[in-house]
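> Data file query.txt (compact mmCIF, C-alpha atoms) is appended below.
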```txt
# COMPACT_ATOMS: atom_id res chain seq x y z
CA MET A 1 36.80 15.23 -39.85
CA ARG A 2 37.98 12.27 -37.83
CA ASN A 3 38.57 14.45 -34.77
CA THR A 4 35.09 15.88 -35.13
CA LEU A 5 33.59 12.42 -35.19
CA ILE A 6 35.57 11.39 -32.11
CA ARG A 7 34.45 14.47 -30.21
CA LEU A 8 30.88 13.88 -31.27
CA SER A 9 31.06 10.25 -30.22
CA VAL A 10 32.45 11.14 -26.82
CA SER A 11 29.78 13.79 -26.36
CA LEU A 12 27.14 11.32 -27.39
CA LEU A 13 28.43 8.76 -24.94
CA LEU A 14 28.35 11.34 -22.17
CA CYS A 15 24.80 12.22 -23.06
CA LEU A 16 23.78 8.59 -23.07
CA MET A 17 25.77 7.70 -20.00
CA THR A 18 23.61 5.51 -17.86
CA ALA A 19 23.59 5.08 -14.14
CA CYS A 20 22.03 3.06 -11.41
CA ALA A 21 21.18 4.03 -7.88
CA GLN A 22 20.28 2.38 -4.63
CA TYR A 23 18.26 3.88 -1.84
CA GLU A 24 17.73 2.86 1.75
CA ASN A 25 15.95 4.64 4.56
CA ARG A 26 15.43 3.49 8.14
CA ARG A 27 13.25 5.21 10.68
CA GLY A 28 11.89 4.25 14.05
CA VAL A 29 12.90 2.37 17.13
CA GLU A 30 15.30 -0.51 17.21
CA VAL A 31 13.60 -3.81 16.47
CA GLY A 32 13.80 -5.87 19.62
CA TRP A 33 10.50 -7.76 19.41
CA GLN A 34 11.65 -10.91 17.70
CA PRO A 35 9.60 -13.97 18.71
CA ALA A 36 12.47 -15.28 20.81
CA VAL A 37 12.48 -12.07 22.85
CA THR A 38 8.72 -11.81 23.36
CA ALA A 39 8.21 -15.50 24.07
CA GLY A 40 8.40 -14.78 27.77
CA LEU A 41 5.50 -12.33 27.76
CA VAL A 42 2.41 -13.67 29.50
CA ARG A 43 -1.02 -12.12 29.15
CA GLY A 44 -2.39 -11.13 32.54
CA GLN A 45 1.00 -11.29 34.23
CA THR A 46 3.64 -9.27 32.39
CA THR A 47 3.65 -5.64 33.50
CA ARG A 48 4.09 -2.51 31.42
CA GLN A 49 7.38 -1.80 33.15
CA GLU A 50 8.70 -5.22 32.15
CA VAL A 51 7.83 -4.53 28.52
CA LEU A 52 9.48 -1.11 28.71
CA ASP A 53 12.56 -2.68 30.24
CA LEU A 54 12.59 -5.27 27.47
CA LEU A 55 12.00 -3.03 24.45
CA GLY A 56 12.74 0.50 25.60
CA PRO A 57 10.69 3.62 24.88
CA PRO A 58 7.93 3.05 22.32
CA SER A 59 7.17 5.00 19.17
CA GLN A 60 3.78 5.92 20.49
CA VAL A 61 1.83 5.74 23.74
CA ILE A 62 -1.93 5.75 23.62
CA ALA A 63 -3.95 6.22 26.76
CA LEU A 64 -7.53 5.18 27.20
CA GLU A 65 -9.37 5.76 30.44
CA ASP A 66 -8.09 2.66 32.16
CA GLU A 67 -5.93 1.11 29.45
CA THR A 68 -2.62 1.92 27.86
CA VAL A 69 -1.16 0.95 24.51
CA LEU A 70 2.51 0.90 23.63
CA TYR A 71 3.24 0.95 19.91
CA TYR A 72 6.67 0.23 18.44
CA LEU A 73 7.40 0.93 14.79
CA PHE A 74 10.40 0.55 12.55
CA GLU A 75 10.06 1.65 8.95
CA HIS A 76 12.49 0.34 6.35
CA SER A 77 12.48 1.58 2.77
CA ALA A 78 14.74 0.13 0.12
CA GLY A 79 14.82 1.14 -3.49
CA ASN A 80 16.76 0.99 -6.68
CA GLY A 81 16.74 2.92 -9.88
CA PHE A 82 18.00 2.87 -13.42
CA ILE A 83 18.88 6.14 -15.07
CA LEU A 84 19.01 5.61 -18.79
CA ILE A 85 18.43 9.29 -19.70
CA ALA A 86 15.60 8.48 -22.07
CA TYR A 87 13.93 6.15 -19.59
CA ASN A 88 14.38 6.24 -15.82
CA ARG A 89 12.81 3.82 -13.41
CA PHE A 90 12.83 3.90 -9.61
CA THR A 91 11.26 1.37 -7.29
CA ILE A 92 10.91 1.90 -3.55
CA ASP A 93 9.64 -0.86 -1.28
CA THR A 94 8.65 0.10 2.26
CA ARG A 95 8.08 -2.41 5.04
CA TYR A 96 6.94 -1.89 8.60
CA ASP A 97 8.22 -3.90 11.53
CA ARG A 98 5.87 -3.23 14.41
CA ALA A 99 4.69 -4.37 17.80
CA ILE A 100 1.70 -3.41 19.88
CA PHE A 101 0.97 -4.07 23.54
CA PHE A 102 -2.29 -3.46 25.41
CA PHE A 103 -2.27 -3.03 29.20
CA ASP A 104 -5.24 -3.05 31.54
CA LYS A 105 -5.86 -0.70 34.47
CA ASN A 106 -3.50 -2.76 36.62
CA ASP A 107 -0.69 -2.29 34.09
CA ARG A 108 -0.87 -5.97 33.18
CA LEU A 109 -0.48 -7.10 29.57
CA SER A 110 -3.87 -7.95 28.12
CA ASP A 111 -3.15 -8.36 24.38
CA TYR A 112 -0.15 -8.01 22.14
CA ALA A 113 1.12 -8.73 18.65
CA THR A 114 4.42 -8.37 16.85
CA HIS A 115 5.51 -8.42 13.26
CA THR A 116 8.93 -8.38 11.69
CA ASP A 117 9.56 -8.47 7.99
CA SER A 118 11.46 -11.69 8.33
CA ASP A 119 8.38 -13.37 9.77
CA PRO A 120 7.41 -15.96 7.14
CA ASN A 121 3.83 -16.19 8.38
CA ARG A 122 2.95 -12.61 7.46
CA MET B 123 26.85 25.15 -53.97
CA PRO B 124 25.19 21.91 -52.77
CA PRO B 125 26.29 20.53 -49.39
CA THR B 126 28.77 17.76 -49.54
CA ARG B 127 28.09 14.31 -48.13
CA THR B 128 30.41 15.03 -45.21
CA VAL B 129 28.52 18.16 -44.27
CA ILE B 130 25.20 16.31 -44.45
CA ARG B 131 26.54 13.46 -42.32
CA THR B 132 27.93 15.87 -39.75
CA GLY B 133 24.67 17.77 -39.69
CA SER B 134 22.72 14.56 -39.11
CA LEU B 135 25.03 13.61 -36.29
CA PHE B 136 24.55 17.01 -34.68
CA ALA B 137 20.79 16.70 -35.02
CA TRP B 138 20.80 13.28 -33.40
CA LEU B 139 23.02 14.50 -30.60
CA LEU B 140 20.76 17.50 -30.05
CA ALA B 141 17.72 15.25 -29.90
CA CYS B 142 19.42 13.08 -27.26
CA CYS B 143 20.27 16.11 -25.20
CA LEU B 144 16.80 17.56 -25.50
CA LEU B 145 15.18 14.37 -24.44
CA GLN B 146 14.57 14.71 -20.73
CA GLY B 147 13.19 11.25 -20.73
CA CYS B 148 10.51 9.14 -19.19
CA SER B 149 10.76 8.62 -15.43
CA GLN B 150 8.72 6.12 -13.47
CA TRP B 151 8.59 5.86 -9.69
CA TYR B 152 7.05 2.88 -7.97
CA TYR B 153 6.26 2.91 -4.25
CA ASP B 154 5.14 -0.22 -2.42
CA LEU B 155 4.05 0.53 1.16
CA GLY B 156 3.25 -2.39 3.42
CA ARG B 157 2.00 -5.86 2.64
CA PRO B 158 -1.03 -6.71 0.45
CA LEU B 159 -4.37 -7.16 2.20
CA SER B 160 -7.50 -8.97 1.07
CA GLU B 161 -11.15 -8.92 1.99
CA ASP B 162 -10.83 -12.50 3.22
CA GLN B 163 -8.64 -11.20 6.01
CA THR B 164 -11.34 -8.83 7.23
CA PRO B 165 -13.29 -10.31 10.13
CA SER B 166 -17.02 -9.79 10.36
CA VAL B 167 -18.78 -8.52 13.46
CA SER B 168 -20.97 -11.61 13.36
CA ASP B 169 -17.85 -13.73 13.82
CA ARG B 170 -17.58 -12.28 17.34
CA VAL B 171 -13.81 -12.34 17.20
CA SER B 172 -11.61 -10.87 19.88
CA LEU B 173 -8.84 -8.33 19.57
CA ALA B 174 -6.31 -11.06 20.32
CA ALA B 175 -7.57 -13.17 17.41
CA VAL B 176 -7.43 -10.21 15.03
CA LEU B 177 -3.92 -9.31 16.10
CA GLU B 178 -2.92 -12.92 15.61
CA GLN B 179 -4.26 -12.86 12.05
CA LEU B 180 -3.30 -9.39 10.84
CA GLY B 181 -0.44 -8.48 13.11
CA PRO B 182 -0.01 -5.06 14.72
CA PRO B 183 -2.07 -2.37 13.00
CA MET B 184 -0.52 0.43 10.96
CA ARG B 185 -2.77 3.01 12.57
CA LEU B 186 -4.38 3.05 15.96
CA SER B 187 -6.44 5.44 17.99
CA ALA B 188 -8.51 5.49 21.13
CA THR B 189 -12.19 6.25 20.79
CA PRO B 190 -14.83 6.87 23.45
CA GLU B 191 -16.00 3.29 23.03
CA GLY B 192 -12.62 1.58 22.76
CA TYR B 193 -10.17 1.45 19.88
CA VAL B 194 -10.07 1.87 16.14
CA LEU B 195 -7.36 -0.04 14.30
CA ALA B 196 -6.36 0.16 10.64
CA TRP B 197 -4.13 -1.80 8.28
CA GLU B 198 -3.11 -0.46 4.89
CA HIS B 199 -1.19 -1.36 1.75
CA TRP B 200 -0.43 1.08 -1.04
CA LEU B 201 1.04 0.84 -4.51
CA ILE B 202 1.77 4.24 -6.00
CA ARG B 203 3.09 4.82 -9.51
CA GLU B 204 4.35 8.15 -10.72
CA THR B 205 5.20 8.65 -14.39
CA SER B 206 6.55 11.69 -16.16
CA VAL B 207 7.65 12.29 -19.72
CA GLY B 208 9.17 15.44 -21.02
CA LEU B 209 11.47 17.37 -23.25
CA SER B 210 13.78 19.95 -21.77
CA LEU B 211 16.72 22.13 -22.63
CA GLY B 212 18.14 21.50 -19.16
CA PRO B 213 20.90 19.15 -20.32
CA MET B 214 22.03 21.87 -22.73
CA GLY B 215 22.50 24.26 -19.83
CA ALA B 216 19.44 26.34 -20.60
CA ASP B 217 16.85 26.24 -17.86
CA PHE B 218 13.88 27.23 -19.93
CA LEU B 219 11.49 25.71 -22.39
CA ALA B 220 10.25 22.40 -21.13
CA ILE B 221 7.37 20.29 -22.32
CA ASP B 222 6.15 17.81 -19.72
CA TRP B 223 3.43 15.28 -19.12
CA GLY B 224 2.87 13.62 -15.75
CA ASP B 225 0.58 11.03 -14.31
CA ALA B 226 0.15 9.30 -10.95
CA ARG B 227 -1.92 6.31 -10.02
CA MET B 228 -2.61 4.77 -6.64
CA GLN B 229 -3.82 1.33 -5.69
CA GLY B 230 -4.37 0.08 -2.21
CA GLU B 231 -6.29 -1.88 0.35
CA PHE B 232 -7.47 -0.61 3.71
CA ILE B 233 -8.96 -2.52 6.64
CA LEU B 234 -10.64 -0.62 9.45
CA LEU B 235 -11.78 -2.36 12.63
CA THR B 236 -13.33 -0.99 15.79
CA PHE B 237 -13.30 -2.64 19.21
CA ASN B 238 -15.05 -1.93 22.46
CA ARG B 239 -13.33 -1.75 25.83
CA ARG B 240 -13.81 -5.46 26.32
CA HIS B 241 -11.67 -5.96 23.20
CA GLU B 242 -14.58 -7.30 21.17
CA LEU B 243 -14.98 -6.45 17.50
CA THR B 244 -17.79 -3.94 17.00
CA GLY B 245 -17.29 -2.88 13.40
CA SER B 246 -15.29 -3.73 10.31
CA ALA B 247 -14.74 -2.33 6.85
CA PHE B 248 -12.58 -3.20 3.89
CA SER B 249 -11.94 -0.94 0.95
CA THR B 250 -9.78 -1.05 -2.13
CA TRP B 251 -8.42 1.80 -4.16
CA ASP B 252 -7.44 1.85 -7.81
CA ALA B 253 -7.66 5.41 -8.93
CA ASP B 254 -5.96 8.14 -10.83
CA ALA B 255 -4.07 10.25 -8.30
CA GLY B 256 -3.42 13.15 -10.63
CA SER B 257 -2.00 14.17 -13.95
CA GLY B 258 -0.83 17.20 -15.80
CA THR B 259 0.58 18.58 -19.01
CA ALA B 260 2.62 21.70 -19.36
CA LEU B 261 4.55 23.82 -21.78
CA GLN B 262 6.96 25.72 -19.56
CA PRO B 263 8.84 28.48 -21.40
CA THR B 264 10.58 29.97 -18.37
CA ILE B 265 9.42 28.47 -15.08
CA GLY B 266 9.33 24.80 -14.27
CA ILE B 267 6.64 23.32 -12.08
CA ALA B 268 5.99 19.83 -10.77
CA LEU B 269 3.02 18.36 -12.55
CA VAL B 270 2.43 15.40 -10.32
CA ASP B 271 2.99 15.43 -6.57
CA VAL B 272 2.60 12.28 -4.50
CA ASP B 273 4.51 13.43 -1.41
CA ASP B 274 1.37 13.30 0.72
CA LEU B 275 0.87 9.67 -0.29
CA ILE B 276 4.34 8.44 0.52
CA ARG B 277 5.06 10.32 3.73
CA ARG B 278 6.29 8.23 6.63
CA MET B 279 4.05 6.88 9.34
CA PRO B 280 2.89 9.44 11.93
CA HIS B 281 4.38 7.45 14.81
CA HIS B 282 7.80 8.76 13.90
CA ASP B 283 6.65 12.27 14.75
CA TRP B 284 5.60 11.49 18.26
CA GLY B 285 7.17 14.07 20.58
CA ALA B 286 8.30 16.27 17.71
CA LEU B 287 4.75 17.48 17.16
CA SER B 288 5.14 19.97 19.99
CA LEU B 289 7.98 21.65 18.13
CA ARG B 290 6.06 22.37 14.97
CA ARG B 291 4.68 25.69 13.88
CA PRO B 292 2.22 27.14 16.43
CA PRO B 293 -0.90 26.35 14.36
CA GLU B 294 0.15 22.71 14.13
CA ALA B 295 1.43 22.39 17.71
CA LEU B 296 -1.76 23.91 19.15
CA ASN B 297 -3.82 21.54 17.07
CA THR B 298 -1.89 18.44 18.11
CA PRO B 299 -4.61 17.15 20.48
CA SER B 300 -7.04 17.17 17.57
CA ARG B 301 -4.75 15.61 14.98
CA PRO B 302 -6.31 12.44 13.61
CA ASP B 303 -3.07 10.53 13.22
CA VAL B 304 -1.38 10.58 16.61
CA GLY B 305 -3.49 8.25 18.62
CA GLN B 306 -6.14 10.14 20.56
CA SER B 307 -8.57 11.64 18.08
CA GLY B 308 -9.16 8.94 15.50
CA ILE B 309 -7.19 7.96 12.46
CA GLN B 310 -7.08 9.05 8.89
CA GLN B 311 -6.03 7.39 5.70
CA ARG B 312 -2.95 8.24 3.74
CA GLY B 313 -3.49 11.12 1.34
CA THR B 314 -6.43 12.72 3.13
CA PRO B 315 -6.65 16.43 2.26
CA VAL B 316 -6.07 18.84 5.15
CA ASP B 317 -8.25 21.60 3.74
CA ILE B 318 -11.22 20.46 5.78
CA GLY B 319 -11.71 18.54 9.00
CA GLN B 320 -9.54 18.31 12.07
CA GLN B 321 -6.36 19.57 10.44
CA SER B 322 -7.88 22.58 8.72
CA LEU B 323 -6.70 24.80 11.58
CA GLU B 324 -3.11 24.02 10.61
CA MET B 325 -3.39 25.80 7.27
CA ASP B 326 -1.54 29.05 6.84
```
Show me this structure written as C-alpha cells.


Amino acid sequence: MRNTLIRLSVSLLLCLMTACAQYENRRGVEVGWQPAVTAGLVRGQTTRQEVLDLLGPPSQVIALEDETVLYYLFEHSAGNGFILIAYNRFTIDTRYDRAIFFFDKNDRLSDYATHTDSDPNR
Amino acid sequence: MPPTRTVIRTGSLFAWLLACCLLQGCSQWYYDLGRPLSEDQTPSVSDRVSLAAVLEQLGPPMRLSATPEGYVLAWEHWLIRETSVGLSLGPMGADFLAIDWGDARMQGEFILLTFNRRHELTGSAFSTWDADAGSGTALQPTIGIALVDVDDLIRRMPHHDWGALSLRRPPEALNTPSRPDVGQSGIQQRGTPVDIGQQSLEMD
C-alpha cells in the first residue's frame, strides 16, 4: 500500500509539475538612430546619402513624385509565461523602435523623427 | 463484500489523479503592441500643424503610405487577450475527446493623419477599439480544432517583409503594387479581412 501511495504521489507531482517560460523576438534593422547619433542631422542640409551612410539600408523606402521617405523599424517582443497545468498565463509585450526621414526633390532632409524604447519622453 | 477503507482511499486518489490529468487547463495570452495613444494626442486640422510638429509629438508613425495628395500616417496600440479553457485526454496519451471553450478580446487606439505635399495636416481621425474578437465552444471527439485565432492581429509589422514580397506565391507577388501595407497604395489596420478589397486577389 505504501508503495502504491508513493507511486501515486510521484505521478501526481509529475502531473502538477509547473513551469515558467521566457520569450524574446527581435526583428528589423539595427537601431542606430539614438539621439546622440542623429543630433548632427540638419533639415534642409543633410542629404539622403548621408543618412544612408549613417544608418544603413532602411526597412522601407517610399517614393512620392518628388519626395522620398526612408523608414527604419526594429521590433522587439518580450514575454513570459507560467504553466501551472490548470492555469497557464502568457504575456507578450511588443515595442517598436523606429525612425523616419523625409527628403525633398533635391535629396535634402526636410523632416524626420526617431523613437527608441529607452526614450523617456515617449 | 463491502470495499475496505483502503480500497476507497485508493480509488479516491485515482479519481483525483485522473481529474488532474484530464484537466487541460485555462490558458490566457496577453499581447501588448506599441504604446498607448489618446485622443488628446490627435491634432485637429484647424490647428494647422505641420508634419514636423506631429512627428515631434507622436514620433515616427507605425504605418505610412504615399497618396496622390501627399502622405497618410498612422499610429496604433493594441491589447489582445486570448483565453481558452478545456478538458482533454491529451495528457493521458489519448488524442481524442476534448471539450474546449475559447474567447478573444481586442482593445486598441488608432490615429490616422493625412498630409499634403507641403507637409500640412489635411485630415485627422482617432478611433478606439474594445470589442470581442471571437469565441467558440467545441466538443471534439476525434479531431481538434483551434477555437480562437488571433494570428492576424499579432502579426509583425509589414516593413519587415519589404523585399521578400517578390518571393511570395504568384498571386501575392503580382498583387504587391496594390497591397495596402507596403507604402504605395494606402495603409490598412491590423486585423483587416483580406476577403474583399485590395488583397482579395491574393486568395487561393

> Counting all atoms listed in the file, a student should be able to say which residues of chain A come within 9 Å of chain B; what is the right answer, written as a PyMOL selection string?

chain A and resi 1+4-5+8+11-12+15-16+27-29+59-65+67+71-75+77+79+81+83-101+110-115+122

> Find the distance between atom CA of B:Pro165 and atom CA of B:Phe248 and write it in Å to one decimal.

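Calculated distance between atom CA of B:Pro165 and atom CA of B:Phe248 is 9.5 Å.
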
> Quote the spacing between atom CA of B:Trp197 and atom CA of B:Asp169 in Å to one decimal place.

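These two atoms are separated by 19.0 Å.
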
> Between A:Leu109, A:Val51, A:Ala78, A:Val69, which one has atoms that come closest to A:Trp33, using only C-alpha atoms?

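The shortest atom-to-atom distance to A:Trp33 comes from A:Val51.
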
> Quick check, in Å to one decimal: how far apart do atom CA of B:Thr164 and atom CA of B:Arg277 lie?

25.5 Å

> Between A:Arg7, A:Thr47, A:Phe82, A:Phe102, which one has atoms that come closest to A:Leu70, using all atoms listed in the file?

A:Phe102

> Given all atoms listed in the file as the basis, pick out the residue of A:His76, A:Asp66, A:Cys20, A:Glu30 nearest to A:Leu54.

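Of the candidates, the smallest distance to A:Leu54 is held by A:Glu30.
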
> Starting from the incomplete input, reconstruct all heavy atoms of stretch 275-286 of chain B and write that as a JSON list (two decimals), in the coordinates of the input.


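This is the output file part-v6.json:
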```
[["chain", "number", "residue", "atom", "x", "y", "z"],
["B", 275, "LEU", "N", 1.22, 11.09, -0.28],
["B", 275, "LEU", "CA", 0.87, 9.67, -0.29],
["B", 275, "LEU", "C", 1.99, 8.79, 0.21],
["B", 275, "LEU", "O", 1.77, 7.66, 0.61],
["B", 275, "LEU", "CB", 0.49, 9.24, -1.72],
["B", 275, "LEU", "CG", -0.70, 9.95, -2.34],
["B", 275, "LEU", "CD1", -0.89, 9.50, -3.77],
["B", 275, "LEU", "CD2", -1.95, 9.66, -1.52],
["B", 276, "ILE", "N", 3.20, 9.29, 0.16],
["B", 276, "ILE", "CA", 4.34, 8.44, 0.52],
["B", 276, "ILE", "C", 5.04, 8.91, 1.79],
["B", 276, "ILE", "O", 6.11, 8.43, 2.11],
["B", 276, "ILE", "CB", 5.36, 8.38, -0.63],
["B", 276, "ILE", "CG1", 5.87, 9.78, -0.96],
["B", 276, "ILE", "CG2", 4.74, 7.76, -1.85],
["B", 276, "ILE", "CD1", 6.95, 9.79, -1.99],
["B", 277, "ARG", "N", 4.42, 9.85, 2.51],
["B", 277, "ARG", "CA", 5.06, 10.32, 3.73],
["B", 277, "ARG", "C", 5.11, 9.20, 4.76],
["B", 277, "ARG", "O", 4.30, 8.29, 4.75],
["B", 277, "ARG", "CB", 4.33, 11.54, 4.28],
["B", 277, "ARG", "CG", 2.94, 11.27, 4.76],
["B", 277, "ARG", "CD", 2.31, 12.50, 5.39],
["B", 277, "ARG", "NE", 2.39, 13.67, 4.51],
["B", 277, "ARG", "CZ", 1.66, 14.77, 4.67],
["B", 277, "ARG", "NH1", 0.81, 14.83, 5.68],
["B", 277, "ARG", "NH2", 1.78, 15.79, 3.86],
["B", 278, "ARG", "N", 6.08, 9.30, 5.66],
["B", 278, "ARG", "CA", 6.29, 8.23, 6.63],
["B", 278, "ARG", "C", 5.16, 8.18, 7.65],
["B", 278, "ARG", "O", 4.39, 9.12, 7.79],
["B", 278, "ARG", "CB", 7.63, 8.42, 7.32],
["B", 278, "ARG", "CG", 7.76, 9.73, 8.05],
["B", 278, "ARG", "CD", 9.14, 9.90, 8.59],
["B", 278, "ARG", "NE", 9.24, 11.11, 9.41],
["B", 278, "ARG", "CZ", 10.29, 11.38, 10.17],
["B", 278, "ARG", "NH1", 11.29, 10.56, 10.19],
["B", 278, "ARG", "NH2", 10.32, 12.47, 10.88],
["B", 279, "MET", "N", 5.13, 7.08, 8.38],
["B", 279, "MET", "CA", 4.05, 6.88, 9.34],
["B", 279, "MET", "C", 4.09, 7.96, 10.43],
["B", 279, "MET", "O", 5.17, 8.41, 10.83],
["B", 279, "MET", "CB", 4.19, 5.51, 9.98],
["B", 279, "MET", "CG", 4.10, 4.36, 9.00],
["B", 279, "MET", "SD", 2.43, 4.15, 8.36],
["B", 279, "MET", "CE", 1.68, 3.26, 9.71],
["B", 280, "PRO", "N", 2.92, 8.34, 10.96],
["B", 280, "PRO", "CA", 2.89, 9.44, 11.93],
["B", 280, "PRO", "C", 3.57, 9.11, 13.25],
["B", 280, "PRO", "O", 3.94, 10.01, 13.99],
["B", 280, "PRO", "CB", 1.39, 9.69, 12.13],
["B", 280, "PRO", "CG", 0.73, 8.42, 11.73],
["B", 280, "PRO", "CD", 1.59, 7.85, 10.63],
["B", 281, "HIS", "N", 3.76, 7.83, 13.53],
["B", 281, "HIS", "CA", 4.38, 7.45, 14.81],
["B", 281, "HIS", "C", 5.79, 8.01, 14.95],
["B", 281, "HIS", "O", 6.27, 8.21, 16.06],
["B", 281, "HIS", "CB", 4.42, 5.94, 14.94],
["B", 281, "HIS", "CG", 3.11, 5.30, 14.65],
["B", 281, "HIS", "ND1", 2.70, 5.03, 13.36],
["B", 281, "HIS", "CD2", 2.12, 4.91, 15.45],
["B", 281, "HIS", "CE1", 1.49, 4.49, 13.41],
["B", 281, "HIS", "NE2", 1.12, 4.41, 14.65],
["B", 282, "HIS", "N", 6.45, 8.24, 13.82],
["B", 282, "HIS", "CA", 7.80, 8.76, 13.90],
["B", 282, "HIS", "C", 7.84, 10.21, 14.40],
["B", 282, "HIS", "O", 8.89, 10.71, 14.76],
["B", 282, "HIS", "CB", 8.47, 8.70, 12.52],
["B", 282, "HIS", "CG", 8.62, 7.31, 12.00],
["B", 282, "HIS", "ND1", 9.24, 6.32, 12.70],
["B", 282, "HIS", "CD2", 8.20, 6.75, 10.85],
["B", 282, "HIS", "CE1", 9.22, 5.20, 12.00],
["B", 282, "HIS", "NE2", 8.58, 5.43, 10.88],
["B", 283, "ASP", "N", 6.70, 10.86, 14.36],
["B", 283, "ASP", "CA", 6.65, 12.27, 14.75],
["B", 283, "ASP", "C", 6.22, 12.46, 16.19],
["B", 283, "ASP", "O", 6.03, 13.58, 16.64],
["B", 283, "ASP", "CB", 5.68, 13.03, 13.83],
["B", 283, "ASP", "CG", 6.16, 13.02, 12.41],
["B", 283, "ASP", "OD1", 7.39, 13.01, 12.21],
["B", 283, "ASP", "OD2", 5.31, 13.03, 11.49],
["B", 284, "TRP", "N", 6.03, 11.37, 16.88],
["B", 284, "TRP", "CA", 5.60, 11.49, 18.26],
["B", 284, "TRP", "C", 6.65, 12.27, 19.07],
["B", 284, "TRP", "O", 7.83, 12.00, 19.00],
["B", 284, "TRP", "CB", 5.42, 10.09, 18.86],
["B", 284, "TRP", "CG", 4.91, 10.11, 20.27],
["B", 284, "TRP", "CD1", 3.77, 10.70, 20.69],
["B", 284, "TRP", "CD2", 5.54, 9.54, 21.40],
["B", 284, "TRP", "NE1", 3.63, 10.51, 22.04],
["B", 284, "TRP", "CE2", 4.71, 9.81, 22.51],
["B", 284, "TRP", "CE3", 6.70, 8.82, 21.61],
["B", 284, "TRP", "CZ2", 5.00, 9.39, 23.79],
["B", 284, "TRP", "CZ3", 7.01, 8.39, 22.88],
["B", 284, "TRP", "CH2", 6.16, 8.68, 23.97],
["B", 285, "GLY", "N", 6.24, 13.24, 19.82],
["B", 285, "GLY", "CA", 7.17, 14.07, 20.58],
["B", 285, "GLY", "C", 7.59, 15.31, 19.81],
["B", 285, "GLY", "O", 7.64, 16.40, 20.35],
["B", 286, "ALA", "N", 7.86, 15.14, 18.52],
["B", 286, "ALA", "CA", 8.30, 16.27, 17.71],
["B", 286, "ALA", "C", 7.13, 17.17, 17.33],
["B", 286, "ALA", "O", 7.33, 18.30, 16.87],
["B", 286, "ALA", "CB", 8.98, 15.77, 16.44]]
```
